[in-house]
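A.B. asks: Handing over my_file_35.txt, compact mmCIF, C-alpha atoms.
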```
# COMPACT_ATOMS: atom_id res chain seq x y z
CA MET F 1 95.44 89.14 80.56
CA ARG F 2 97.23 90.75 83.48
CA VAL F 3 97.83 88.36 86.34
CA THR F 4 98.37 89.39 89.94
CA VAL F 5 100.84 87.04 91.58
CA ASP F 6 100.71 87.42 95.34
CA VAL F 7 103.77 85.81 96.92
CA LYS F 8 102.62 85.50 100.53
CA GLY F 9 104.78 87.38 102.99
CA GLU F 10 106.73 88.95 100.13
CA GLU F 11 105.97 91.03 97.06
CA THR F 12 102.93 91.13 94.82
CA HIS F 13 103.74 91.09 91.11
CA GLU F 14 101.61 92.23 88.17
CA ILE F 15 102.50 90.18 85.12
CA ASP F 16 101.19 90.62 81.60
CA LEU F 17 100.57 87.09 80.37
CA GLU F 18 101.32 88.16 76.78
CA THR F 19 104.93 88.79 77.75
CA VAL F 20 105.47 85.40 79.39
CA SER F 21 107.26 83.00 77.11
CA ALA F 22 105.08 79.93 76.72
CA GLY F 23 105.96 76.48 75.50
CA SER F 24 109.35 76.06 77.16
CA PRO F 25 110.54 72.43 76.93
CA ASN F 26 109.76 71.59 80.53
CA GLY F 27 107.29 74.32 81.28
CA GLY F 28 104.49 71.80 81.47
CA ALA F 29 101.84 70.41 79.17
CA GLY F 30 99.99 73.69 78.74
CA THR F 31 97.84 74.00 75.66
CA GLY F 32 100.41 73.28 73.08
CA GLY F 33 102.41 76.33 74.01
CA SER F 34 99.81 79.05 73.38
CA THR F 35 98.98 79.96 76.99
CA PRO F 36 101.77 80.08 79.55
CA THR F 37 101.58 77.61 82.43
CA TYR F 38 101.77 78.44 86.14
CA GLN F 39 105.32 77.08 86.04
CA GLU F 40 106.23 79.57 83.31
CA LEU F 41 104.55 82.33 85.29
CA LEU F 42 106.72 81.38 88.30
CA ALA F 43 109.84 81.50 86.13
CA GLU F 44 109.08 85.20 85.47
CA ILE F 45 109.67 85.90 89.16
CA ASP F 46 112.57 83.45 89.46
CA LEU F 47 110.74 80.84 91.48
CA SER F 48 110.92 77.09 90.96
CA PRO F 49 107.72 75.03 91.23
CA HIS F 50 109.68 72.86 93.68
CA GLU F 51 109.96 75.64 96.26
CA VAL F 52 106.38 76.97 96.17
CA SER F 53 102.72 75.96 95.96
CA VAL F 54 100.40 77.85 93.66
CA LEU F 55 96.83 78.45 94.86
CA VAL F 56 93.89 79.72 92.85
CA ASP F 57 90.87 80.66 94.97
CA GLY F 58 92.56 78.93 97.91
CA ARG F 59 92.93 75.66 96.02
CA PRO F 60 96.27 74.18 94.92
CA VAL F 61 96.69 73.86 91.13
CA PRO F 62 99.05 71.68 89.06
CA GLU F 63 101.84 73.98 87.86
CA ASP F 64 101.98 72.43 84.38
CA GLN F 65 98.51 73.76 83.58
CA PRO F 66 97.76 76.92 81.56
CA VAL F 67 97.11 80.04 83.63
CA GLU F 68 93.36 80.59 83.76
CA SER F 69 93.00 83.01 86.64
CA ASP F 70 93.97 86.66 86.90
CA HIS F 71 94.91 86.26 90.57
CA VAL F 72 97.16 83.58 91.96
CA THR F 73 98.61 83.12 95.43
CA VAL F 74 102.08 81.66 95.84
CA LEU F 75 103.11 80.02 99.10
CA ARG F 76 106.81 79.56 99.62
CA LEU F 77 107.96 76.37 101.33
CA ILE F 78 109.37 76.99 104.75
CA LYS F 79 112.62 75.25 105.42
CA GLY F 80 112.62 73.47 108.72
CA GLY F 81 115.36 75.47 110.42
CA SER F 82 115.76 72.56 112.79
CA LYS F 83 116.82 69.75 110.52
CA PRO F 84 120.55 69.63 110.10
CA PRO F 85 121.71 66.22 108.93
CA ILE F 86 121.45 64.26 112.14
CA ASP F 87 124.02 61.67 111.17
CA ARG F 88 127.10 63.87 111.03
CA ASN F 89 129.91 64.76 113.45
CA ARG F 90 129.45 62.25 116.15
CA MET H 1 92.81 68.87 84.43
CA ASP H 2 91.39 65.67 85.93
CA CYS H 3 93.09 63.32 88.32
CA ASN H 4 94.72 60.33 86.59
CA ARG H 5 92.84 57.98 88.88
CA CYS H 6 89.33 59.48 89.06
CA ASP H 7 87.16 62.29 87.70
CA GLU H 8 88.03 64.83 90.40
CA GLU H 9 90.06 67.90 89.57
CA ALA H 10 93.81 67.50 90.03
CA ILE H 11 95.52 69.68 92.64
CA MET H 12 99.08 68.70 91.82
CA HIS H 13 101.40 67.49 89.11
CA ALA H 14 104.46 65.37 89.82
CA ALA H 15 106.72 65.94 86.81
CA TYR H 16 109.00 63.04 87.86
CA SER H 17 106.17 60.52 87.45
CA GLY H 18 103.82 62.38 85.13
CA ALA H 19 100.98 61.99 87.63
CA HIS H 20 98.16 64.50 88.10
CA LEU H 21 96.34 63.77 91.36
CA CYS H 22 93.24 65.03 93.15
CA THR H 23 93.28 65.72 96.90
CA ASP H 24 92.26 62.20 97.93
CA HIS H 25 94.57 60.37 95.58
CA PHE H 26 97.44 62.71 96.44
CA ARG H 27 96.93 61.97 100.15
CA GLU H 28 96.82 58.28 99.44
CA SER H 29 99.98 58.47 97.33
CA VAL H 30 101.99 60.23 100.08
CA GLU H 31 100.80 57.80 102.77
CA LYS H 32 101.59 54.83 100.55
CA ARG H 33 105.18 56.01 100.00
CA VAL H 34 105.76 56.48 103.73
CA ARG H 35 104.34 53.04 104.57
CA ARG H 36 106.36 51.43 101.80
CA ARG H 37 109.52 53.04 103.21
CA VAL H 38 108.67 51.76 106.70
CA ARG H 39 108.43 48.25 105.23
CA ARG H 40 111.52 48.49 103.02
CA ASP H 41 113.63 49.76 105.90
CA ASP H 42 112.42 46.86 108.07
CA LEU H 43 111.38 49.28 110.77
CA VAL H 44 108.97 46.80 112.34
CA PRO H 45 111.02 43.63 112.82
CA HIS H 46 109.40 40.21 112.89
CA GLY H 47 108.62 38.92 116.33
CA VAL H 48 107.51 42.23 117.91
CA THR H 49 104.56 41.55 120.20
CA PRO H 50 101.96 43.76 121.93
CA GLU H 51 103.36 42.52 125.26
CA ASP H 52 106.76 43.98 124.45
CA PRO H 53 105.99 46.93 122.15
CA LEU H 54 108.53 49.14 120.39
CA THR H 55 108.95 52.78 121.41
CA TRP H 56 109.38 55.11 118.45
CA VAL H 57 110.53 58.61 119.34
CA ILE H 58 109.75 61.22 116.68
CA GLY H 59 111.83 64.41 116.56
CA LEU H 60 108.88 66.81 116.49
CA SER H 61 109.84 70.41 115.75
CA GLY H 62 106.34 71.55 114.78
CA GLY H 63 107.42 72.31 111.21
CA LYS H 64 105.57 70.74 108.30
CA ASP H 65 107.86 67.73 107.91
CA SER H 66 107.78 66.41 111.45
CA VAL H 67 104.07 67.19 111.78
CA VAL H 68 103.26 65.25 108.60
CA LEU H 69 105.49 62.35 109.69
CA THR H 70 103.79 62.19 113.10
CA GLU H 71 100.33 62.33 111.55
CA ILE H 72 101.01 59.52 109.04
CA LEU H 73 102.77 57.28 111.56
CA HIS H 74 99.88 57.80 113.94
CA GLU H 75 97.35 56.95 111.20
CA THR H 76 99.34 53.85 110.37
CA PHE H 77 100.03 52.54 113.85
CA ALA H 78 97.24 53.95 116.05
CA GLU H 79 95.52 50.58 116.10
CA ASP H 80 98.76 48.60 116.32
CA PRO H 81 99.63 47.75 119.95
CA ARG H 82 103.18 46.82 118.94
CA ILE H 83 104.25 50.43 118.35
CA GLU H 84 104.14 53.32 120.84
CA LEU H 85 104.82 56.81 119.48
CA VAL H 86 106.39 59.60 121.53
CA GLY H 87 106.90 63.15 120.21
CA LEU H 88 110.14 64.82 121.35
CA THR H 89 110.40 68.60 120.92
CA ILE H 90 113.58 70.55 121.48
CA HIS H 91 113.39 74.20 122.47
CA GLU H 92 116.55 75.96 121.31
CA GLY H 93 115.87 79.28 123.02
CA ILE H 94 114.89 81.26 119.94
CA GLU H 95 112.53 84.02 120.98
CA GLY H 96 109.13 83.87 119.30
CA TYR H 97 110.08 81.20 116.79
CA ARG H 98 110.15 78.02 118.83
CA ASP H 99 107.35 79.09 121.18
CA LYS H 100 104.95 79.17 118.24
CA SER H 101 106.03 75.84 116.80
CA LEU H 102 105.84 74.30 120.27
CA GLU H 103 102.16 75.28 120.28
CA ALA H 104 101.73 73.38 117.00
CA CYS H 105 103.37 70.30 118.57
CA VAL H 106 101.14 70.47 121.65
CA GLU H 107 98.03 70.87 119.49
CA LEU H 108 98.98 67.93 117.28
CA THR H 109 99.95 65.51 120.06
CA ASP H 110 96.80 66.46 122.03
CA ASP H 111 94.67 65.82 118.93
CA LEU H 112 96.31 62.48 118.27
CA GLY H 113 96.56 61.52 121.92
CA ILE H 114 100.25 60.67 121.85
CA ARG H 115 102.87 61.26 124.53
CA HIS H 116 104.88 64.48 124.10
CA GLU H 117 108.16 65.48 125.79
CA VAL H 118 109.82 68.89 125.61
CA VAL H 119 113.47 69.57 126.42
CA SER H 120 115.39 72.83 126.12
CA TYR H 121 118.99 73.90 125.54
CA GLU H 122 118.57 76.27 128.46
CA GLU H 123 117.62 73.57 130.97
CA GLU H 124 120.06 71.02 129.62
CA PHE H 125 123.07 73.14 128.72
CA GLY H 126 122.38 76.57 130.23
CA VAL H 127 122.50 78.23 126.80
CA ARG H 128 119.95 79.81 124.44
CA MET H 129 120.51 79.99 120.69
CA ASP H 130 119.65 83.71 120.69
CA ASP H 131 122.69 84.27 122.97
CA VAL H 132 124.88 81.72 121.17
CA VAL H 133 124.56 83.61 117.86
CA GLU H 134 125.48 86.84 119.64
CA ASP H 135 128.61 85.33 121.27
CA ASP H 136 129.63 83.11 118.33
CA PRO H 137 133.03 82.18 119.84
CA GLU H 138 133.88 79.73 117.04
CA ASN H 139 132.89 82.06 114.23
CA MET H 140 130.43 79.54 112.82
CA ALA H 141 126.93 79.61 111.36
CA ALA H 142 124.11 79.31 113.91
CA CYS H 143 123.06 75.93 112.46
CA ALA H 144 126.52 74.50 113.20
CA TYR H 145 126.11 75.06 116.96
CA CYS H 146 122.44 74.24 116.97
CA GLY H 147 122.93 70.96 115.08
CA VAL H 148 125.50 69.70 117.58
CA PHE H 149 123.26 70.51 120.54
CA ARG H 150 120.18 69.06 118.88
CA ARG H 151 121.89 65.79 117.94
CA ASP H 152 123.11 65.43 121.51
CA LEU H 153 119.65 65.97 123.02
CA LEU H 154 117.88 63.76 120.48
CA SER H 155 120.31 60.92 121.21
CA ASN H 156 120.23 61.31 124.97
CA TYR H 157 116.49 61.59 125.23
CA ALA H 158 115.94 58.76 122.78
CA ASP H 159 118.06 56.71 125.20
CA GLU H 160 116.25 58.01 128.25
CA LEU H 161 112.85 57.25 126.73
CA GLU H 162 114.17 53.76 125.94
CA ALA H 163 113.50 54.30 122.26
CA ASP H 164 113.94 51.48 119.82
CA LEU H 165 113.97 53.95 116.97
CA LEU H 166 114.46 57.70 116.52
CA LEU H 167 112.51 59.06 113.56
CA THR H 168 112.95 62.41 111.85
CA GLY H 169 111.05 64.23 109.13
CA HIS H 170 113.84 64.53 106.56
CA ASN H 171 112.23 64.66 103.11
CA LEU H 172 113.53 63.83 99.62
CA ASP H 173 114.98 67.32 99.08
CA ASP H 174 116.83 67.22 102.43
CA GLU H 175 118.36 63.84 101.73
CA ALA H 176 119.23 64.53 98.07
CA GLN H 177 120.99 67.72 99.25
CA THR H 178 122.95 65.83 101.92
CA ALA H 179 123.87 63.15 99.37
CA MET H 180 125.14 65.83 96.94
CA MET H 181 127.09 67.56 99.70
CA ASN H 182 128.81 64.32 100.68
CA PHE H 183 129.62 63.63 97.00
CA LEU H 184 130.98 67.11 96.39
CA GLU H 185 132.99 67.08 99.61
CA GLY H 186 134.40 63.69 98.55
CA ASP H 187 133.35 62.33 101.92
CA VAL H 188 133.09 58.61 101.20
CA GLU H 189 133.35 57.55 104.83
CA GLN H 190 130.47 59.86 105.67
CA MET H 191 128.34 57.99 103.12
CA ALA H 192 129.00 54.73 105.00
CA LYS H 193 128.09 56.40 108.30
CA HIS H 194 124.95 57.87 106.77
CA PHE H 195 123.86 54.37 105.69
CA ASP H 196 124.51 52.81 109.09
CA ALA H 197 122.97 55.69 111.04
CA SER H 198 119.70 56.20 109.19
CA LEU H 199 119.46 55.15 105.54
CA GLY H 200 119.92 51.40 105.39
CA PRO H 201 117.24 48.84 106.17
CA LEU H 202 117.59 48.06 109.89
CA SER H 203 118.50 44.46 109.09
CA GLU H 204 121.41 45.51 106.83
CA ARG H 205 123.06 48.16 108.97
CA ASP H 206 126.42 47.71 110.60
CA GLU H 207 125.55 47.02 114.26
CA GLN H 208 125.85 50.18 116.39
CA ASP H 209 124.99 49.34 119.97
CA GLU H 210 126.02 52.79 121.20
CA PHE H 211 123.30 54.66 119.33
CA VAL H 212 119.55 54.39 119.02
CA PRO H 213 118.94 53.58 115.33
CA ARG H 214 117.40 56.35 113.26
CA ALA H 215 114.99 56.34 110.36
CA LYS H 216 113.64 58.82 107.84
CA PRO H 217 110.39 57.46 106.45
CA LEU H 218 109.53 60.71 104.59
CA ARG H 219 112.60 60.57 102.42
CA ASP H 220 110.76 59.41 99.29
CA VAL H 221 108.45 62.43 99.39
CA PRO H 222 109.59 65.74 97.85
CA GLU H 223 109.50 68.70 100.23
CA LYS H 224 106.81 70.41 98.17
CA GLU H 225 104.51 67.42 98.51
CA VAL H 226 105.07 67.29 102.28
CA ALA H 227 103.98 70.93 102.46
CA LEU H 228 100.99 70.24 100.22
CA TYR H 229 99.98 67.26 102.39
CA ALA H 230 100.08 69.49 105.50
CA HIS H 231 98.03 72.10 103.62
CA VAL H 232 95.27 69.80 102.33
CA ASN H 233 94.99 68.06 105.72
CA ASP H 234 94.92 71.37 107.54
CA LEU H 235 97.62 70.16 109.93
CA PRO H 236 98.82 72.56 112.64
CA ALA H 237 102.27 73.01 111.10
CA HIS H 238 104.22 76.08 112.07
CA ILE H 239 105.15 78.16 109.05
CA THR H 240 107.86 80.61 109.99
CA GLU H 241 111.48 80.27 109.03
CA CYS H 242 114.06 80.10 111.82
CA PRO H 243 115.49 83.63 112.19
CA HIS H 244 119.03 82.25 112.53
CA SER H 245 118.81 79.84 109.59
CA SER H 246 121.98 80.20 107.54
CA GLU H 247 123.21 77.07 105.84
CA ALA H 248 124.86 78.77 102.89
CA TYR H 249 126.33 75.70 101.18
CA ARG H 250 123.12 73.69 101.54
CA GLY H 251 121.21 76.65 100.04
CA GLU H 252 123.53 76.63 97.04
CA ILE H 253 122.99 72.89 96.52
CA GLN H 254 119.26 73.36 96.94
CA GLN H 255 119.13 75.97 94.15
CA LEU H 256 121.24 73.71 91.94
CA LEU H 257 118.84 70.81 92.51
CA TYR H 258 115.77 72.96 91.78
CA GLY H 259 117.27 73.81 88.39
CA LEU H 260 118.24 70.21 87.63
CA GLU H 261 114.84 68.91 88.71
CA GLU H 262 113.06 71.40 86.45
CA ASN H 263 115.10 70.44 83.40
CA HIS H 264 115.40 66.74 84.26
CA PRO H 265 112.46 65.63 86.40
CA GLY H 266 113.39 62.76 88.70
CA THR H 267 116.93 63.98 89.42
CA ARG H 268 116.43 64.02 93.20
CA HIS H 269 115.09 60.48 93.17
CA SER H 270 117.97 59.19 91.07
CA ILE H 271 120.60 61.01 93.16
CA LEU H 272 119.26 59.46 96.34
CA SER H 273 118.73 55.99 94.93
CA GLY H 274 122.26 55.82 93.50
CA TYR H 275 123.65 57.31 96.71
CA GLU H 276 121.89 54.71 98.87
CA GLU H 277 123.36 51.93 96.75
CA LEU H 278 126.85 53.41 97.02
CA ALA H 279 126.43 54.09 100.73
CA SER H 280 125.46 50.46 101.25
CA ILE H 281 128.64 49.28 99.51
CA MET H 282 130.71 51.78 101.49
CA SER H 283 129.13 50.60 104.73
CA GLY H 284 130.51 47.14 103.96
CA GLU H 285 133.94 48.61 103.13
CA PHE H 286 134.19 50.59 106.36
CA SER H 287 132.45 47.95 108.47
CA GLY H 288 133.81 47.85 112.02
CA ASP H 289 136.00 50.95 111.58
CA ASP H 290 133.79 53.26 113.57
CA GLY H 291 133.38 51.17 116.70
CA ALA H 292 137.12 50.98 117.31
CA ASN H 293 137.40 54.77 117.65
CA LEU H 294 134.45 55.27 119.95
CA GLN H 295 135.02 56.31 123.54
CA ASP H 296 133.21 58.06 126.37
CA CYS H 297 133.47 61.85 126.43
CA ALA H 298 135.71 62.89 129.36
CA GLU H 299 133.21 65.62 130.31
CA CYS H 300 129.71 64.18 129.84
CA GLY H 301 130.27 60.49 129.17
CA SER H 302 128.41 60.44 125.86
CA THR H 303 129.79 58.26 123.07
CA THR H 304 132.16 60.13 120.79
CA THR H 305 135.20 59.67 118.56
CA ARG H 306 137.05 62.47 120.42
CA GLU H 307 138.38 62.77 123.96
CA VAL H 308 135.86 65.55 124.67
CA CYS H 309 132.73 65.47 122.52
CA ARG H 310 131.88 68.31 120.17
CA LYS H 311 128.97 69.49 122.31
CA CYS H 312 131.15 69.79 125.44
CA SER H 313 133.90 71.64 123.60
CA LEU H 314 131.36 74.09 122.14
CA LEU H 315 129.80 74.63 125.57
CA GLU H 316 133.29 75.22 126.97
CA SER H 317 133.98 77.95 124.40
CA LEU H 318 130.61 79.57 125.10
CA VAL H 319 131.25 80.08 128.80
```
Reformat the file's structure so that it appears as structure tokens.
C.D. replies:
Amino acid sequence: MRVTVDVKGEETHEIDLETVSAGSPNGGAGTGGSTPTYQELLAEIDLSPHEVSVLVDGRPVPEDQPVESDHVTVLRLIKGGSKPPIDRNR
Amino acid sequence: MDCNRCDEEAIMHAAYSGAHLCTDHFRESVEKRVRRRVRRDDLVPHGVTPEDPLTWVIGLSGGKDSVVLTEILHETFAEDPRIELVGLTIHEGIEGYRDKSLEACVELTDDLGIRHEVVSYEEEFGVRMDDVVEDDPENMAACAYCGVFRRDLLSNYADELEADLLLTGHNLDDEAQTAMMNFLEGDVEQMAKHFDASLGPLSERDEQDEFVPRAKPLRDVPEKEVALYAHVNDLPAHITECPHSSEAYRGEIQQLLYGLEENHPGTRHSILSGYEELASIMSGEFSGDDGANLQDCAECGSTTTREVCRKCSLLESLV
């Protein structure tokens, strides 16, 4: 299956699921390693599940689950540009 | 994949706990962690009465973190006459960026019916961040100037609003990064200050009469979950990155932590929990050291460890 990964505000990637390495030690529960997980899909485009949310049909999905959709949307977390450590340099 | 607690479909997986949660149980889990932190940090002392309520000022930028913090604190204390919430927004003078997030703040505080104050660098200091980054007299990153100005305004306005507490939306990722930075910089004294300024339970902090105490009730919640909470609650959080954002070292630590967390889930939690324990011990070690060095800034009168505070010396170099 070819999966379209739309990283909002950035690039859209076309990824062939066959080429994604499944069953990595911490890639999630998956289905015993046969189908790559969303986390493993993210790894293909160098994204960590801790910096993005993955949506399928507008709904967030757990990243440790096997990829079941041919179109996923990825929302990057936005750093609050206004949160330097407030306790420093008094 | 079903939720661990009901038959609904899970929307998230927390690798550090193994939990898969549906929308409702995820919401509940975030709110529970924030309320537990409020209790553990003793933020509502015994003996507070509705006749003499506490004023809690929330640093409200309009980004996801401060919006989520405001929403949960409002949910928690809306019916509690002992706590009054005030949102404080700082406009740095960044064209386009802050105007939009200010709209999010106005929408949220209107919705919740809480008091909202806005202050700007331009009105207070006669500078705008857009111009500061152009001038850059100290050859520093934008965040270095902006942080000094923001801290000054947050402190002063917390004082002016007679705040009992100043709350900010720092999340688990923010605090784990700061902890790592202090470790790697070998800054042990900074750990003690961090504890006394915002990390320790109010009842255990070294007394600091000069400053309004601070608190970070979101610090048990990973950044990703804060964003997800804003998303599933459809909160009016502003979602554009600051155009001047440039904390290179923090970015490096952040990437390092993402990798560690992926290979060893729970790393951020353990970094912060060990750090808080160490910071508590350090606070005892350095107890009383800070107060002796404090004086009034010769220019503006604010409390500082220097003759002229950092804000005044930066403003001087900008003129």
A.B. asks: Determine which residues of chain H sit within 7 Å of chain F, taking into account only C-alpha atoms, and present them as a PyMOL selection string.
C.D. replies: chain H and resi 10-13+61+63+147+151+194+197+224+227+239-242+245+258+262-263+304-305
A.B. asks: Can you list, as a compact mmCIF listing (two decimals) with C-alpha atoms, in the coordinates of the input, every protein, DNA or RNA residue that comes within 10 Å of F:Gly9 when you count only C-alpha atoms, leaving out same-chain residues fewer than 2 positions away?
C.D. replies:
```
# COMPACT_ATOMS: atom_id res chain seq x y z
CA ASP F 6 100.71 87.42 95.34
CA VAL F 7 103.77 85.81 96.92
CA GLU F 11 105.97 91.03 97.06
CA THR F 12 102.93 91.13 94.82
CA VAL F 74 102.08 81.66 95.84
CA LEU F 75 103.11 80.02 99.10
CA ARG F 76 106.81 79.56 99.62
```
A.B. asks: What lies within 7 Å of stretch 127-141 of chain H using only C-alpha atoms, ignoring chain neighbours under 6 positions off, as a short mmCIF file (atom, residue, chain, number, x, y, z; two decimals) with C-alpha atoms, in the coordinates of the input?
C.D. replies:
```
data_model
loop_
_atom_site.label_atom_id
_atom_site.label_comp_id
_atom_site.auth_asym_id
_atom_site.auth_seq_id
_atom_site.Cartn_x
_atom_site.Cartn_y
_atom_site.Cartn_z
CA GLU H 92 116.55 75.96 121.31
CA GLY H 93 115.87 79.28 123.02
CA ILE H 94 114.89 81.26 119.94
CA TYR H 121 118.99 73.90 125.54
CA SER H 246 121.98 80.20 107.54
CA SER H 317 133.98 77.95 124.40
CA LEU H 318 130.61 79.57 125.10
#
```
A.B. asks: When you count only C-alpha atoms, which of these residues is closest to H:Thr109: H:Cys143, H:Ile58, H:Val232, H:Leu256?
C.D. replies: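 Once distances to H:Thr109 are computed over only C-alpha atoms, the minimum belongs to H:Ile58.
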A.B. asks: Counting all atoms listed in the file, figure out which residue out of H:Glu175, H:Glu299, H:Glu8, H:Glu252 gets nearest to H:Tyr275.
C.D. replies: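 Smallest separation from H:Tyr275 among the options: H:Glu175.
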A.B. asks: What does the distance from atom CA of H:Arg306 to atom CA of H:Leu294 come to in Å, to one decimal?
C.D. replies: 7.7 Å
A.B. asks: Could you check how far atom CA of H:Glu223 sits from atom CA of H:Asn171, in Å to one decimal?
C.D. replies: 5.7 Å
A.B. asks: Which one is closest to H:Val68: H:Cys297, H:Ala176, H:Ala215, H:Cys105? Count all atoms listed in the file.
C.D. replies: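 Of H:Cys297, H:Ala176, H:Ala215, H:Cys105, the one nearest H:Val68, counting all atoms listed in the file, is H:Cys105.
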A.B. asks: Using all atoms listed in the file, which residue out of F:Val67, F:Ala43, F:Ser34, F:Gly58 lies closest to F:Thr4?
C.D. replies: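 Using all atoms listed in the file, F:Thr4 sits closest to F:Val67.
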A.B. asks: Please list as an NGL selection string every residue within 10 Å of H:Val308, counting only C-alpha atoms and excluding residues in the same chain fewer than 6 positions away.
C.D. replies: :H and (295-302 or 314)
A.B. asks: List as a PyMOL selection string the residues having at least one atom at most 12 Å from position (109.8, 69.6, 123.2) as given in the file, counting all atoms listed in the file.
C.D. replies: chain H and resi 57-62+86-93+98-106+109+115-121+123+150+153-154+157
A.B. asks: Using C-alpha atoms, can you write the selected residues to a file as a PDB file, in the coordinates of the input?
C.D. replies:
```pdb
ATOM      1  CA  VAL H  57     110.530  58.610 119.340  1.00  0.00           C
ATOM      2  CA  ILE H  58     109.750  61.220 116.680  1.00  0.00           C
ATOM      3  CA  GLY H  59     111.830  64.410 116.560  1.00  0.00           C
ATOM      4  CA  LEU H  60     108.880  66.810 116.490  1.00  0.00           C
ATOM      5  CA  SER H  61     109.840  70.410 115.750  1.00  0.00           C
ATOM      6  CA  GLY H  62     106.340  71.550 114.780  1.00  0.00           C
ATOM      7  CA  VAL H  86     106.390  59.600 121.530  1.00  0.00           C
ATOM      8  CA  GLY H  87     106.900  63.150 120.210  1.00  0.00           C
ATOM      9  CA  LEU H  88     110.140  64.820 121.350  1.00  0.00           C
ATOM     10  CA  THR H  89     110.400  68.600 120.920  1.00  0.00           C
ATOM     11  CA  ILE H  90     113.580  70.550 121.480  1.00  0.00           C
ATOM     12  CA  HIS H  91     113.390  74.200 122.470  1.00  0.00           C
ATOM     13  CA  GLU H  92     116.550  75.960 121.310  1.00  0.00           C
ATOM     14  CA  GLY H  93     115.870  79.280 123.020  1.00  0.00           C
ATOM     15  CA  ARG H  98     110.150  78.020 118.830  1.00  0.00           C
ATOM     16  CA  ASP H  99     107.350  79.090 121.180  1.00  0.00           C
ATOM     17  CA  LYS H 100     104.950  79.170 118.240  1.00  0.00           C
ATOM     18  CA  SER H 101     106.030  75.840 116.800  1.00  0.00           C
ATOM     19  CA  LEU H 102     105.840  74.300 120.270  1.00  0.00           C
ATOM     20  CA  GLU H 103     102.160  75.280 120.280  1.00  0.00           C
ATOM     21  CA  ALA H 104     101.730  73.380 117.000  1.00  0.00           C
ATOM     22  CA  CYS H 105     103.370  70.300 118.570  1.00  0.00           C
ATOM     23  CA  VAL H 106     101.140  70.470 121.650  1.00  0.00           C
ATOM     24  CA  THR H 109      99.950  65.510 120.060  1.00  0.00           C
ATOM     25  CA  ARG H 115     102.870  61.260 124.530  1.00  0.00           C
ATOM     26  CA  HIS H 116     104.880  64.480 124.100  1.00  0.00           C
ATOM     27  CA  GLU H 117     108.160  65.480 125.790  1.00  0.00           C
ATOM     28  CA  VAL H 118     109.820  68.890 125.610  1.00  0.00           C
ATOM     29  CA  VAL H 119     113.470  69.570 126.420  1.00  0.00           C
ATOM     30  CA  SER H 120     115.390  72.830 126.120  1.00  0.00           C
ATOM     31  CA  TYR H 121     118.990  73.900 125.540  1.00  0.00           C
ATOM     32  CA  GLU H 123     117.620  73.570 130.970  1.00  0.00           C
ATOM     33  CA  ARG H 150     120.180  69.060 118.880  1.00  0.00           C
ATOM     34  CA  LEU H 153     119.650  65.970 123.020  1.00  0.00           C
ATOM     35  CA  LEU H 154     117.880  63.760 120.480  1.00  0.00           C
ATOM     36  CA  TYR H 157     116.490  61.590 125.230  1.00  0.00           C
TER      37      TYR H 157
END
```
A.B. asks: Assuming the input is short of atoms at stretch 79-86 of chain H, produce N, CA, C and O atoms for that part as a short mmCIF file (atom, residue, chain, number, x, y, z; two decimals), in the coordinates of the input.
C.D. replies:
```
data_model
loop_
_atom_site.label_atom_id
_atom_site.label_comp_id
_atom_site.auth_asym_id
_atom_site.auth_seq_id
_atom_site.Cartn_x
_atom_site.Cartn_y
_atom_site.Cartn_z
N GLU H 79 96.23 51.79 115.68
CA GLU H 79 95.52 50.58 116.10
C GLU H 79 96.48 49.41 116.33
O GLU H 79 96.05 48.28 116.54
N ASP H 80 97.78 49.68 116.22
CA ASP H 80 98.76 48.60 116.32
C ASP H 80 99.43 48.64 117.70
O ASP H 80 100.24 49.53 117.98
N PRO H 81 99.10 47.70 118.58
CA PRO H 81 99.63 47.75 119.95
C PRO H 81 101.13 47.44 120.04
O PRO H 81 101.71 47.53 121.11
N ARG H 82 101.75 47.13 118.90
CA ARG H 82 103.18 46.82 118.94
C ARG H 82 104.07 48.06 118.88
O ARG H 82 105.27 47.99 119.11
N ILE H 83 103.46 49.20 118.51
CA ILE H 83 104.25 50.43 118.35
C ILE H 83 103.69 51.53 119.23
O ILE H 83 102.50 51.84 119.16
N GLU H 84 104.56 52.16 120.05
CA GLU H 84 104.14 53.32 120.84
C GLU H 84 104.90 54.54 120.34
O GLU H 84 106.14 54.53 120.30
N LEU H 85 104.17 55.60 119.99
CA LEU H 85 104.82 56.81 119.48
C LEU H 85 104.98 57.84 120.59
O LEU H 85 104.10 58.01 121.42
N VAL H 86 106.15 58.50 120.59
CA VAL H 86 106.39 59.60 121.53
C VAL H 86 106.94 60.77 120.72
O VAL H 86 107.87 60.59 119.92
#
```
